[in-house]
Every structure is written in C-alpha cells, then in structure tokens.
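Source file: input17.tsv (TSV, C-alpha atoms and all ligand atoms)
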```tsv
chain	number	residue	atom	x	y	z
A	281	MET	CA	-22.49	-10.12	28.78
A	282	SER	CA	-22.38	-6.33	28.70
A	283	ARG	CA	-20.90	-5.25	25.40
A	284	THR	CA	-19.52	-2.01	26.79
A	285	ASP	CA	-17.24	-2.91	29.66
A	286	SER	CA	-15.97	-6.45	29.20
A	287	ASP	CA	-15.22	-6.97	25.56
A	288	THR	CA	-11.81	-7.94	24.25
A	289	LEU	CA	-9.70	-7.09	21.20
A	290	VAL	CA	-7.30	-9.79	20.11
A	291	PHE	CA	-4.07	-8.73	18.36
A	292	HIS	CA	-1.98	-10.71	15.92
A	293	SER	CA	0.94	-9.58	13.77
A	294	ALA	CA	4.32	-11.11	13.10
A	295	VAL	CA	5.76	-7.74	12.05
A	296	ASP	CA	4.13	-5.17	14.36
A	297	VAL	CA	5.13	-4.86	18.02
A	298	PHE	CA	2.20	-5.47	20.41
A	299	GLU	CA	3.01	-3.08	23.28
A	300	PRO	CA	2.72	0.25	21.38
A	301	TRP	CA	-0.65	-0.92	19.97
A	302	ARG	CA	-1.88	-2.00	23.41
A	303	ALA	CA	-0.78	1.32	24.93
A	304	ALA	CA	-2.34	3.42	22.14
A	305	LEU	CA	-5.63	1.50	22.32
A	306	ALA	CA	-5.67	1.72	26.14
A	307	THR	CA	-5.43	5.50	25.85
A	308	ALA	CA	-8.12	5.71	23.18
A	309	LEU	CA	-10.47	3.18	24.82
A	310	PRO	CA	-9.71	2.64	28.52
A	311	ASN	CA	-12.47	0.04	28.94
A	312	LEU	CA	-11.29	-2.26	26.13
A	313	ASP	CA	-9.35	-5.39	27.07
A	314	VAL	CA	-6.51	-5.73	24.52
A	315	ARG	CA	-4.64	-9.03	24.37
A	316	ARG	CA	-2.29	-11.06	22.25
A	317	ALA	CA	-3.89	-14.23	20.91
A	318	ASP	CA	-1.82	-16.47	23.20
A	319	ASP	CA	-2.98	-14.47	26.23
A	320	VAL	CA	-6.74	-14.74	25.68
A	321	ALA	CA	-8.28	-16.66	28.58
A	322	ASP	CA	-11.91	-16.41	27.43
A	323	PRO	CA	-12.18	-16.60	23.62
A	324	ALA	CA	-15.94	-15.89	23.85
A	325	SER	CA	-15.19	-12.38	25.16
A	326	VAL	CA	-13.29	-11.48	21.96
A	327	ARG	CA	-15.40	-9.15	19.79
A	328	TYR	CA	-12.64	-7.48	17.75
A	329	ALA	CA	-9.57	-8.80	15.97
A	330	LEU	CA	-6.73	-6.46	14.96
A	331	VAL	CA	-4.67	-8.62	12.65
A	332	TRP	CA	-1.98	-8.73	10.01
A	333	ASN	CA	-1.70	-12.11	8.24
A	334	PRO	CA	-2.96	-14.34	11.07
A	335	PRO	CA	-2.42	-18.09	10.59
A	336	GLN	CA	-5.08	-20.15	8.82
A	337	GLY	CA	-7.86	-21.10	11.27
A	338	PHE	CA	-7.09	-18.13	13.58
A	339	PHE	CA	-10.63	-16.77	13.61
A	340	ALA	CA	-12.38	-20.08	14.44
A	341	ARG	CA	-11.27	-19.80	18.09
A	342	PHE	CA	-13.33	-16.64	18.60
A	343	PRO	CA	-17.07	-17.35	18.12
A	344	ASN	CA	-18.31	-13.80	18.92
A	345	LEU	CA	-16.20	-11.72	16.55
A	346	ALA	CA	-18.09	-8.60	15.46
A	347	LEU	CA	-15.25	-6.77	13.68
A	348	VAL	CA	-12.05	-7.77	11.88
A	349	ILE	CA	-9.59	-4.87	11.62
A	350	ASN	CA	-6.85	-5.32	9.04
A	351	LEU	CA	-3.62	-3.92	10.49
A	352	GLY	CA	-2.81	-2.03	7.33
A	353	ALA	CA	-4.41	-0.48	4.26
A	354	GLY	CA	-4.04	-3.39	1.81
A	355	VAL	CA	-6.58	-6.11	2.58
A	356	ASP	CA	-5.77	-8.58	-0.22
A	357	ALA	CA	-4.31	-11.18	2.16
A	358	LEU	CA	-7.53	-11.13	4.22
A	359	THR	CA	-10.10	-11.02	1.44
A	360	ALA	CA	-8.41	-13.97	-0.31
A	361	ARG	CA	-8.92	-16.23	2.75
A	362	ASP	CA	-11.63	-18.84	3.03
A	363	ASP	CA	-11.80	-18.75	6.85
A	364	LEU	CA	-13.02	-15.21	7.50
A	365	PRO	CA	-15.82	-14.91	10.07
A	366	ASP	CA	-19.16	-13.41	9.09
A	367	ALA	CA	-18.24	-9.97	10.47
A	368	PRO	CA	-17.35	-6.69	8.81
A	369	VAL	CA	-13.72	-6.26	7.77
A	370	THR	CA	-12.18	-2.79	7.99
A	371	ARG	CA	-8.87	-1.41	6.79
A	372	LEU	CA	-6.79	1.09	8.71
A	373	SER	CA	-7.30	4.65	7.72
A	374	ASP	CA	-4.46	6.59	9.24
A	375	PRO	CA	-3.38	10.09	8.18
A	376	LEU	CA	0.20	9.43	9.29
A	377	MET	CA	0.32	6.25	7.18
A	378	ALA	CA	-0.83	8.31	4.18
A	379	ARG	CA	1.83	10.92	4.94
A	380	MET	CA	4.56	8.30	5.21
A	381	MET	CA	3.50	6.78	1.88
A	382	ALA	CA	3.35	10.19	0.20
A	383	GLY	CA	6.90	10.82	1.48
A	384	TYR	CA	8.20	7.59	-0.03
A	385	VAL	CA	6.48	8.25	-3.35
A	386	LEU	CA	7.80	11.81	-3.45
A	387	PHE	CA	11.32	10.50	-2.78
A	388	ALA	CA	11.00	7.95	-5.62
A	389	VAL	CA	9.54	10.46	-8.08
A	390	LEU	CA	12.15	13.12	-7.30
A	391	ARG	CA	14.93	10.54	-7.54
A	392	HIS	CA	13.80	9.59	-11.04
A	393	ALA	CA	12.88	13.14	-12.13
A	394	ARG	CA	16.33	14.42	-11.09
A	395	ASP	CA	18.14	11.48	-12.83
A	396	ILE	CA	19.76	10.38	-9.56
A	397	PRO	CA	20.07	6.72	-10.69
A	398	VAL	CA	22.13	7.94	-13.68
A	399	PHE	CA	24.51	9.73	-11.32
A	400	GLU	CA	24.68	6.76	-8.94
A	401	ARG	CA	25.77	4.53	-11.82
A	402	ALA	CA	28.21	7.14	-13.14
A	403	GLN	CA	29.75	7.61	-9.68
A	404	ARG	CA	30.40	3.88	-9.34
A	405	GLU	CA	32.41	4.19	-12.58
A	406	GLY	CA	34.14	7.45	-11.56
A	407	ARG	CA	32.37	9.28	-14.39
A	408	TRP	CA	31.16	12.92	-14.43
A	409	ALA	CA	27.82	12.51	-16.22
A	410	TYR	CA	26.07	15.86	-16.64
A	411	VAL	CA	22.35	15.58	-17.50
A	412	HIS	CA	20.59	18.91	-17.85
A	413	PRO	CA	17.74	19.01	-15.31
A	414	ARG	CA	14.18	19.40	-16.57
A	415	ALA	CA	11.59	21.62	-14.89
A	416	ALA	CA	9.05	19.67	-12.82
A	417	GLU	CA	6.19	21.15	-14.88
A	418	GLU	CA	7.54	19.36	-17.98
A	419	ILE	CA	7.67	15.93	-16.36
A	420	ARG	CA	4.52	13.81	-16.66
A	421	VAL	CA	3.88	11.65	-13.60
A	422	GLY	CA	0.98	9.21	-13.44
A	423	VAL	CA	-0.53	7.74	-10.28
A	424	MET	CA	-2.54	4.53	-10.74
A	425	GLY	CA	-5.07	4.28	-7.92
A	426	LEU	CA	-6.40	7.44	-6.27
A	427	GLY	CA	-7.56	6.06	-2.92
A	428	GLU	CA	-6.57	7.26	0.53
A	429	LEU	CA	-2.87	6.73	-0.07
A	430	GLY	CA	-2.87	7.27	-3.83
A	431	ALA	CA	-4.67	10.62	-3.66
A	432	ALA	CA	-2.38	11.83	-0.85
A	433	ALA	CA	0.69	10.89	-2.90
A	434	ALA	CA	-0.70	12.50	-6.08
A	435	LYS	CA	-1.32	15.76	-4.21
A	436	GLU	CA	2.19	15.69	-2.74
A	437	ILE	CA	3.73	15.25	-6.20
A	438	ALA	CA	1.49	17.99	-7.63
A	439	ARG	CA	2.66	20.29	-4.82
A	440	GLN	CA	6.18	19.91	-6.24
A	441	GLY	CA	4.93	21.24	-9.58
A	442	PHE	CA	4.95	18.05	-11.64
A	443	ASP	CA	2.44	17.48	-14.45
A	444	VAL	CA	0.39	14.91	-12.52
A	445	ARG	CA	-2.29	12.66	-13.92
A	446	GLY	CA	-4.22	10.01	-12.03
A	447	TRP	CA	-6.26	6.95	-12.91
A	448	SER	CA	-8.88	5.13	-10.86
A	449	ARG	CA	-12.00	3.00	-11.23
A	450	SER	CA	-14.53	5.77	-10.64
A	451	PRO	CA	-14.09	9.42	-11.69
A	452	LYS	CA	-12.30	11.72	-9.24
A	453	THR	CA	-11.63	15.43	-8.87
A	454	ILE	CA	-8.30	16.25	-7.23
A	455	GLU	CA	-6.85	19.74	-7.42
A	456	GLY	CA	-3.68	19.80	-9.50
A	457	VAL	CA	-4.23	16.27	-10.84
A	458	ALA	CA	-5.70	15.46	-14.27
A	459	CYS	CA	-7.91	12.48	-13.42
A	460	SER	CA	-9.24	9.77	-15.71
A	461	ALA	CA	-11.13	6.59	-14.89
A	462	GLY	CA	-11.98	3.14	-16.14
A	463	MET	CA	-10.48	0.62	-18.52
A	464	ALA	CA	-11.38	2.67	-21.60
A	465	ALA	CA	-9.03	5.44	-20.39
A	466	LEU	CA	-6.14	3.17	-19.36
A	467	SER	CA	-4.12	3.08	-22.61
A	468	ALA	CA	-4.12	6.86	-23.00
A	469	PHE	CA	-3.20	7.24	-19.32
A	470	LEU	CA	-0.23	4.87	-19.58
A	471	GLY	CA	0.94	6.53	-22.80
A	472	GLY	CA	1.27	9.82	-20.86
A	473	CYS	CA	3.34	8.57	-17.91
A	474	GLU	CA	7.06	9.33	-18.01
A	475	ILE	CA	7.06	8.25	-14.38
A	476	LEU	CA	4.37	5.73	-13.39
A	477	VAL	CA	3.52	5.19	-9.71
A	478	VAL	CA	1.40	2.09	-9.02
A	479	MET	CA	-0.90	2.50	-5.99
A	480	LEU	CA	-3.73	0.08	-6.81
A	481	PRO	CA	-5.00	-2.52	-4.36
A	482	LEU	CA	-4.52	-6.16	-5.36
A	483	THR	CA	-7.95	-7.49	-6.37
A	484	PRO	CA	-9.22	-10.04	-8.89
A	485	GLU	CA	-9.49	-7.12	-11.37
A	486	THR	CA	-6.04	-5.64	-10.82
A	487	ARG	CA	-4.03	-8.89	-10.63
A	488	GLY	CA	-1.76	-8.86	-13.69
A	489	LEU	CA	-3.29	-5.59	-14.92
A	490	LEU	CA	0.15	-4.29	-15.89
A	491	SER	CA	0.84	-6.97	-18.47
A	492	ALA	CA	3.68	-6.91	-21.02
A	493	GLU	CA	1.32	-5.27	-23.52
A	494	ARG	CA	0.31	-2.52	-21.11
A	495	LEU	CA	3.89	-1.88	-19.93
A	496	ALA	CA	4.76	-1.41	-23.61
A	497	LEU	CA	2.31	1.51	-23.75
A	498	LEU	CA	4.56	3.57	-21.44
A	499	PRO	CA	6.76	6.11	-23.25
A	500	GLU	CA	10.21	4.74	-24.20
A	501	GLY	CA	12.57	5.11	-21.22
A	502	ALA	CA	9.77	5.58	-18.66
A	503	LYS	CA	10.43	5.13	-14.94
A	504	PHE	CA	8.36	2.71	-12.89
A	505	VAL	CA	7.49	2.86	-9.18
A	506	ASN	CA	5.46	0.12	-7.46
A	507	VAL	CA	4.39	0.62	-3.85
A	508	SER	CA	1.13	-1.34	-3.98
A	509	ARG	CA	1.37	-5.10	-4.47
A	510	GLY	CA	3.73	-7.13	-6.67
A	511	PRO	CA	1.14	-9.24	-8.51
A	512	VAL	CA	-0.50	-6.11	-10.03
A	513	VAL	CA	2.38	-6.19	-12.54
A	514	ASP	CA	3.70	-9.07	-14.65
A	515	GLU	CA	7.12	-9.22	-12.97
A	516	ALA	CA	8.79	-11.21	-15.76
A	517	ALA	CA	7.59	-8.60	-18.29
A	518	LEU	CA	8.90	-5.83	-16.03
A	519	VAL	CA	12.31	-7.52	-15.79
A	520	ASP	CA	12.35	-7.82	-19.57
A	521	ALA	CA	11.44	-4.15	-20.08
A	522	LEU	CA	14.10	-3.06	-17.55
A	523	THR	CA	16.72	-5.27	-19.20
A	524	ARG	CA	15.95	-3.75	-22.60
A	525	ARG	CA	15.77	-0.28	-20.94
A	526	SER	CA	12.39	0.40	-22.55
A	527	ILE	CA	11.63	1.09	-18.89
A	528	SER	CA	14.83	2.83	-17.88
A	529	ASP	CA	14.65	2.68	-14.07
A	530	ALA	CA	12.42	1.34	-11.35
A	531	THR	CA	11.83	1.75	-7.63
A	532	LEU	CA	10.17	-1.38	-6.27
A	533	ASP	CA	8.87	-1.85	-2.73
A	534	VAL	CA	6.63	-4.86	-3.45
A	535	PHE	CA	7.10	-8.10	-5.35
A	536	GLU	CA	5.29	-11.16	-6.64
A	537	THR	CA	7.02	-13.21	-3.91
A	538	GLU	CA	8.17	-11.63	-0.65
A	539	PRO	CA	10.83	-11.73	0.61
A	540	LEU	CA	12.19	-11.36	-2.92
A	541	PRO	CA	13.98	-14.69	-3.66
A	542	GLU	CA	17.76	-14.63	-4.01
A	543	THR	CA	17.31	-16.02	-7.51
A	544	SER	CA	15.24	-13.06	-8.72
A	545	PRO	CA	16.87	-11.30	-11.68
A	546	LEU	CA	15.68	-7.99	-10.16
A	547	TRP	CA	18.53	-8.16	-7.63
A	548	ARG	CA	21.06	-8.05	-10.45
A	549	LEU	CA	19.61	-5.14	-12.45
A	550	ASP	CA	21.59	-1.93	-11.84
A	551	ASN	CA	18.58	0.19	-12.83
A	552	VAL	CA	16.36	-1.08	-10.00
A	553	LEU	CA	16.14	0.17	-6.41
A	554	ILE	CA	14.69	-2.51	-4.14
A	555	THR	CA	13.18	-1.75	-0.73
A	556	PRO	CA	11.66	-4.51	1.43
A	557	HIS	CA	7.93	-3.61	1.55
A	558	LEU	CA	8.07	-0.69	3.96
A	559	ALA	CA	6.95	2.31	1.93
A	560	SER	CA	4.45	2.96	4.70
A	561	ILE	CA	3.35	1.38	7.95
A	562	ALA	CA	0.44	1.84	10.32
A	563	LEU	CA	1.35	4.00	13.31
A	564	PRO	CA	-0.37	3.00	16.58
A	565	THR	CA	-0.97	6.46	18.06
A	566	SER	CA	-2.75	7.85	15.00
A	567	ALA	CA	-4.41	4.59	13.86
A	568	ALA	CA	-5.83	3.92	17.36
A	569	THR	CA	-8.25	6.83	16.96
A	570	GLN	CA	-9.97	5.17	14.01
A	571	ILE	CA	-9.99	1.73	15.67
A	572	ALA	CA	-11.52	3.23	18.82
A	573	GLU	CA	-14.22	4.95	16.78
A	574	ASN	CA	-15.12	1.67	15.09
A	575	VAL	CA	-15.22	-0.24	18.39
A	576	ARG	CA	-17.61	2.41	19.74
A	577	ARG	CA	-19.73	2.09	16.61
A	578	ILE	CA	-19.94	-1.70	16.92
A	579	ARG	CA	-20.81	-1.37	20.61
A	580	SER	CA	-23.68	0.96	19.74
A	581	GLY	CA	-24.91	-1.18	16.87
A	582	GLN	CA	-23.70	1.09	14.04
A	583	PRO	CA	-21.81	-0.10	10.97
A	584	PRO	CA	-18.04	0.52	11.13
A	585	LEU	CA	-16.28	3.13	9.01
A	586	HIS	CA	-13.78	2.15	6.29
A	587	ALA	CA	-15.35	-1.25	5.78
A	588	VAL	CA	-13.95	-3.34	2.94
A	589	ASP	CA	-16.22	-4.50	0.14
A	590	ARG	CA	-15.18	-8.16	0.24
A	591	ARG	CA	-16.58	-8.92	-3.19
A	592	ARG	CA	-14.74	-5.98	-4.81
A	593	GLY	CA	-11.60	-6.81	-2.81
A	594	TYR	CA	-10.79	-3.36	-1.38
B	601	LIG	P1	-7.81	2.51	-1.48
B	601	LIG	O1	-8.55	1.24	-1.32
B	601	LIG	O2	-8.18	3.68	-0.62
B	601	LIG	O3	-7.94	3.01	-2.99
B	601	LIG	C1	-7.72	2.18	-4.07
B	601	LIG	C2	-7.70	3.00	-5.36
B	601	LIG	O4	-7.47	2.11	-6.46
B	601	LIG	C3	-9.03	3.70	-5.61
B	601	LIG	O5	-8.81	4.94	-6.23
B	601	LIG	C4	-9.72	2.74	-6.59
B	601	LIG	O6	-10.65	3.35	-7.44
B	601	LIG	C5	-8.55	2.25	-7.39
B	601	LIG	N1	-8.89	0.97	-8.01
B	601	LIG	C6	-9.20	-0.20	-7.41
B	601	LIG	N2	-9.48	-1.14	-8.33
B	601	LIG	C7	-9.33	-0.56	-9.53
B	601	LIG	C8	-9.50	-0.99	-10.86
B	601	LIG	N3	-9.88	-2.25	-11.14
B	601	LIG	N4	-9.28	-0.13	-11.85
B	601	LIG	C9	-8.92	1.15	-11.59
B	601	LIG	N5	-8.75	1.65	-10.35
B	601	LIG	C10	-8.96	0.80	-9.33
B	601	LIG	O7	-6.27	2.18	-1.33
B	601	LIG	P2	-5.09	3.07	-0.71
B	601	LIG	O8	-4.85	4.24	-1.57
B	601	LIG	O9	-5.31	3.31	0.72
B	601	LIG	O10	-3.86	2.02	-0.82
B	601	LIG	C11	-3.48	1.47	-2.06
B	601	LIG	C12	-2.67	0.22	-1.86
B	601	LIG	O11	-1.38	0.52	-1.34
B	601	LIG	C13	-3.21	-0.76	-0.82
B	601	LIG	O12	-4.27	-1.54	-1.34
B	601	LIG	C14	-1.99	-1.62	-0.53
B	601	LIG	O13	-1.95	-2.71	-1.41
B	601	LIG	C15	-0.83	-0.68	-0.82
B	601	LIG	N6	-0.06	-0.37	0.38
B	601	LIG	C16	1.31	-0.60	0.35
B	601	LIG	C17	2.08	-0.30	1.43
B	601	LIG	C18	3.56	-0.46	1.37
B	601	LIG	O14	4.22	-0.30	2.38
B	601	LIG	N7	4.13	-0.76	0.22
B	601	LIG	C19	1.51	0.24	2.68
B	601	LIG	C20	0.09	0.45	2.61
B	601	LIG	C21	-0.65	0.14	1.49
B	601	LIG	P3	-11.99	4.04	-6.86
B	601	LIG	O15	-11.50	5.27	-6.14
B	601	LIG	O16	-12.76	4.36	-8.04
B	601	LIG	O17	-12.61	3.04	-5.93
```
Please render this file's structure as structure tokens.
Ligand code: NDP
Amino acid sequence: MSRTDSDTLVFHSAVDVFEPWRAALATALPNLDVRRADDVADPASVRYALVWNPPQGFFARFPNLALVINLGAGVDALTARDDLPDAPVTRLSDPLMARMMAGYVLFAVLRHARDIPVFERAQREGRWAYVHPRAAEEIRVGVMGLGELGAAAAKEIARQGFDVRGWSRSPKTIEGVACSAGMAALSAFLGGCEILVVMLPLTPETRGLLSAERLALLPEGAKFVNVSRGPVVDEAALVDALTRRSISDATLDVFETEPLPETSPLWRLDNVLITPHLASIALPTSAATQIAENVRRIRSGQPPLHAVDRRRGY
C-alpha cells in the first residue's frame, strides 16, 4: 500500500464534534482519508488515530497504527492505559489552545487579585464591602508547571504587572517570571504564592503532590486555582483548607472525579468557583496544522513532533 495517498486517520471523541475536525484536516491534508471509527471500512488502512478517551480495546482494531494523537494537551488518560499500540503518542500543540488557557487563568487571577469573590458574597447579602485594591506588582502569583500552557499563562499574568514566580521540573528562563525548579525548591515556592495556579500534568510524580502538608505551606488566606488535573491535589485537604479559610478562595476547573459528584462538599462552599473542565479546548483550524505536519513526518519516516514520553507521563 502506498503510504502517501491512501492512508486513513480515525477519529474518536465523545466531547468534540467530528465535522469541524474533518474539514480542518481536509484543508490541511487533502490526500488524507479522515473517518469516524464506526465509518472505517478497512481497518488496515488506518495509520493515525486522533482520539480523546477512546473505549478500552479501541486500538486493537487497527493493526497498522503509526501515530496516536491525543486530542488535547493532557495525556494522562492515554498514558495510564494498558492497551496502547506500539506507536508514538503525541499531544496537541495549538497556539489558540494556549491563548484560551492563558485567558482563563488571567480571568481567575484577576478575579482573586481584585477581591471579586468578596464583593460577590457581600452583594448577595446587600452589603457594601470596600476592600482597598492592591497594586498588581505587590501581589505574588505562582504558576506550577511551565510547559506550553503554563508558560503562556505565566507570561500573560506577568504582562499585567503581577509579581510572578514559576516552578517546573527542569530550570526555565521566562522574561518577567522568577523561575525555580525541582522538589528542593518547592516549599519556598509555595510559601511565596498568594495566588497559586496549578498547571502541572498528571503523572505518577505529580499525583497527590499538593498534599495537606504542602497546601499548608501557602501563605494564610492564599487563593488557589487548578486548571490542570484534579488528582494533583488532595481534594479532601483542599476542602478542609477552604472550610477553615486558610485558603480563602478557589477557582477549580478540574476535580478528582468528573463530573463533580452532587455529594461533593465543594458545591456547597461559597468561596469556590466551579467550572466544568473547559478552561481550554483544542481548536480544529489551528490544531490541524500540527497534526498535518506530524502525518507528513510519519509518511516520510521522520519522528513526530510533540511526542509524549510515556514513561515520564507527559
Ligand atoms: P506540558 O507538558 O507542556 O508542561 C508540563 C509542565 O509541568 C512542564 O513545565 C514540566 O516541567 C512541569 N512538570 C511536570 N512534571 C513535574 C514535576 N514532577 N515536578 C515539577 N514540574 C513538573 O503541559 P502544558 O503546559 O501544555 O499543560 C499542562 C496541563 O494542563 C496538561 O497536562 C493538562 O493536564 C492540563 N490541561 C487542562 C485543560 C483544561 O481545560 N482544564 C486543557 C488543556 C490542558 P519541565 O518543563 O521541566 O518538563
């Protein structure tokens, strides 16, 4: 079979609409056959899978897979599976996804920095509650995880004049952001975050990283924003800290269990803003460019870009 004019990409997602992805990929790669899984007539022609949370056993139907493309930036659901084919796994790298995430993070940081939750609570009680605003330069904001999305968000917050610090696994240099790296630097980093923004991938190393002990290192009354994955933080410890107001407010987009169960105490805390895991999404027209580039690379025998290190988990 010629690998250049008759190969197929199979698509699966329960949350993303197929047609915009098909159309964007058709524009970027006119000679690629793009199909939903239930519309694949010849599974042997499938070389690429563009997937978000496919059902267990999904990949076994396609014996010639050469590339698995995660339809998103966070690959934890894929790397945790035991049925992945022996093919490279890539994440989406999409400038518009990074911009959308930076917008959400900026919204959350500004909301906390400008004490908006205080005014929302006061308004519900018909109370005029003046809090003197602080200059952005005085407010210390920490970003945990300085990857594609984390670095973009950190720069966006720095652009607003906040005192931004960032933490990652390996050392980084980002203009306007005081960067530190590694476990030895974590306690000092947390101790300096009046507003903490969690942007770490979920991996064996980061699961439960924000334990009760580490949350207690945040300054009294800190604000907490999680846009990465729920299990990075001990949710029960977070609920406890929010109840005691040692963490005064939180903006949470991700949770240990999603959808967040009705029984979760988080629903009943008036100092928590809950959004249903949508801080950022992959956008077909901009993401298709990267997917097309990787399909071309596989066709010409080159390794794909933005491959995930399966052992590391991101
Ligand atoms: P990247 O994989 O590009 O970067 C991850 C960052 O986390 C890197 O800076 C990395 O360090 C750091 N990191 C990883 N492990 C550790 C560790 N053990 N200790 C310290 N730092 C660590 O991720 P992105 O920035 O693109 O995305 C971050 C996460 O955001 C995704 O994994 C996903 O879970 C989440 N997400 C959430 C969305 C939502 O809608 N809520 C949408 C999209 C993504 P280093 O640079 O040294 O490798």
Using all atoms listed in the file, the shortest atom-to-atom distance to ligand LIG 601 (chain B) among A:Leu546, A:Met381, A:Ala317, A:Leu540 belongs to A:Met381
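Excluding segment 578-583 of chain A and any residue on its chain fewer than 6 positions from it, the residues at most 12 Å away by all atoms listed in the file are Ser282, Arg283, Thr284, Asp285, Ser286, Asp287, Thr288, Asn311, Leu312, Arg327, Tyr328, Leu345, Ala346, Leu347, Val348, Ala367, Pro368, Val369, Thr370, Ile571 and Ala572 of chain A.
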> If you count all atoms listed in the file, which residues fall within 8 Å of Phe442 of chain A, apart from same-chain ones fewer than 4 positions away, as a VMD selection string?
Replying inline: chain A and resid 416 to 421 437 to 438
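For the residues A:Ala382, A:Leu476, A:Ala308, A:Val507, ranking by smallest atom-to-atom distance to ligand LIG 601 (chain B) using all atoms listed in the file places A:Val507 first.
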Write as a list in words the residues around ligand LIG 601 (chain B), taking 6 Å as the cut-off and counting only C-alpha atoms and all ligand atoms.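 Those within range of ligand LIG 601 (chain B) are Ala353, Gly354, Gly425, Leu426, Gly427, Glu428, Leu429, Gly430, Ser448, Arg449, Ser450, Gly462, Met479, Leu480, Pro481, Leu482, Glu485, Thr486, Val507, Ser508, Arg509, Asp533, His557, Leu558, Ala559, Ser560, Ile561 and Tyr594 of chain A.
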Gap from atom CA of Glu299 of chain A to atom CA of Asn333 of chain A - Å, one decimal =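 Separation of atom CA of Glu299 of chain A and atom CA of Asn333 of chain A: 18.2 Å.
Atom CA of Val411 of chain A is positioned 22.1 Å from atom CA of Gly472 of chain A.
Among the candidate residues A:Thr483, A:Glu515, A:Ala464, A:Gly422, the one lying nearest to Pro545 of chain A is A:Glu515, with distances computed using all atoms listed in the file.
Computed from the coordinates, the atom CA of Ala357 of chain A to atom CA of Arg315 of chain A distance equals 22.3 Å.
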Quick one: segment 317-324 of chain A with all heavy atoms, as a compact mmCIF listing (two decimals), keeping the file's coordinate frame?
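See out26.txt below for the written result:
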```
# COMPACT_ATOMS: atom_id res chain seq x y z
N ALA A 317 -3.08 -13.01 21.06
CA ALA A 317 -3.89 -14.23 20.91
C ALA A 317 -3.53 -15.29 21.95
O ALA A 317 -4.41 -15.97 22.49
CB ALA A 317 -3.74 -14.77 19.50
N ASP A 318 -2.22 -15.41 22.27
CA ASP A 318 -1.82 -16.47 23.20
C ASP A 318 -2.11 -16.11 24.65
O ASP A 318 -1.85 -16.88 25.56
CB ASP A 318 -0.32 -16.81 23.02
CG ASP A 318 0.57 -15.59 23.21
OD1 ASP A 318 0.06 -14.54 23.65
OD2 ASP A 318 1.78 -15.69 22.92
N ASP A 319 -2.69 -14.93 24.87
CA ASP A 319 -2.98 -14.47 26.23
C ASP A 319 -4.49 -14.33 26.47
O ASP A 319 -4.93 -13.73 27.44
CB ASP A 319 -2.27 -13.12 26.43
CG ASP A 319 -2.37 -12.61 27.84
OD1 ASP A 319 -2.36 -13.44 28.77
OD2 ASP A 319 -2.47 -11.37 28.02
N VAL A 320 -5.29 -14.86 25.53
CA VAL A 320 -6.74 -14.74 25.68
C VAL A 320 -7.24 -15.92 26.52
O VAL A 320 -7.13 -17.07 26.11
CB VAL A 320 -7.44 -14.73 24.30
CG1 VAL A 320 -8.96 -14.83 24.45
CG2 VAL A 320 -7.06 -13.48 23.52
N ALA A 321 -7.80 -15.59 27.71
CA ALA A 321 -8.28 -16.66 28.58
C ALA A 321 -9.69 -17.10 28.18
O ALA A 321 -10.03 -18.28 28.23
CB ALA A 321 -8.27 -16.17 30.03
N ASP A 322 -10.51 -16.11 27.77
CA ASP A 322 -11.91 -16.41 27.43
C ASP A 322 -12.19 -16.01 25.98
O ASP A 322 -12.58 -14.87 25.70
CB ASP A 322 -12.83 -15.63 28.39
CG ASP A 322 -14.30 -15.80 28.02
OD1 ASP A 322 -14.61 -16.74 27.25
OD2 ASP A 322 -15.12 -14.98 28.49
N PRO A 323 -12.00 -16.95 25.03
CA PRO A 323 -12.18 -16.60 23.62
C PRO A 323 -13.56 -16.03 23.31
O PRO A 323 -13.72 -15.23 22.39
CB PRO A 323 -11.96 -17.94 22.89
CG PRO A 323 -11.15 -18.76 23.84
CD PRO A 323 -11.57 -18.35 25.21
N ALA A 324 -14.58 -16.39 24.11
CA ALA A 324 -15.94 -15.89 23.85
C ALA A 324 -16.05 -14.39 24.11
O ALA A 324 -16.96 -13.75 23.60
CB ALA A 324 -16.94 -16.65 24.72
```
